[in-house]
Amino acid sequence: GMGANQAKGVLGGSTQAVTLHVRAQLPDTMLLKLRQILDAHPGGYAVYFLIDEADGQRRIKSSARIAFNDGVTRELEALLGRNTVKPVV
C-alpha cells in the first residue's frame with residue numbers, strides 16, 4: 001500500500017486546511033463540544049471558521065490544528081450539520 005508520505009505527495013504541497021461552516025451565534029454548549037472534538041484529533045490541518053453574518057460571511061482562522069479524516073468529519077457534522085465541513089482547496 002501507499003505510505004503516508006506518498007499519500008501526502010498525491011495531495012500536493014498546498015497548505016492543508018479545513019473550513020467549518022457555523023452559524024453566527026453558536027451556543028456555548030456547542031462551542032465547548034466543538035472544542036473537545038478539535039482537541040481530541042490533533043494533526044496538521046489548520047482550521048478556519050466560516051461564519052454566517054447579517055452582511056455576509058466572515059472567515060476566521062482558529063488556533064486549532066486537527067487531523068482531517070472521515071471520522072472527524074462525521075463527528076463535526078453530527079454537531080454542526082451536514083456538509084458544514086470542507087477541505088480548503
# chains A, B, ... in the order shown; residues from 1 in each chain; ligands from 1

$ select_by_dssp --residues "chain A" --states "strand (DSSP E)" --output "PyMOL selection string"
chain A and resi 17-22+42-53+56-66+85-87

$ residues_around --residues "A:Val47" --least-positions-apart "3" --cutoff "12 Å" --atoms "only C-alpha atoms" --output "VMD selection string"
chain A and resid 15 to 21 34 to 35 38 to 39 41 to 44 50 59 to 68 85 to 88

$ residues_around --residues "A:Asp52" --least-positions-apart "5" --cutoff "10 Å" --atoms "only C-alpha atoms" --output "list of chain:residue names"
A:His21, A:Val22, A:Arg23, A:Ala24, A:Gln25, A:Gln57, A:Arg58, A:Arg59

$ atom_distance --atom1 "atom CA of A:Thr73" --atom2 "atom CA of A:Glu53"
23.5 Å

$ closest_residue --among "A:Arg74, A:Asn69, A:Met30, A:Leu79" --to "A:Tyr45" --atoms "only C-alpha atoms"
A:Asn69

$ atom_distance --atom1 "atom CA of A:Leu26" --atom2 "atom CA of A:Asp55"
17.4 Å

$ closest_residue --among "A:Leu31, A:Tyr48, A:Gln36, A:Gly56" --to "A:Leu80" --atoms "only C-alpha atoms"
A:Leu31

$ select_by_dssp --residues "stretch 19-79 of chain A" --states "alpha helix (DSSP H)" --output "PyMOL selection string"
chain A and resi 28-40+70-79
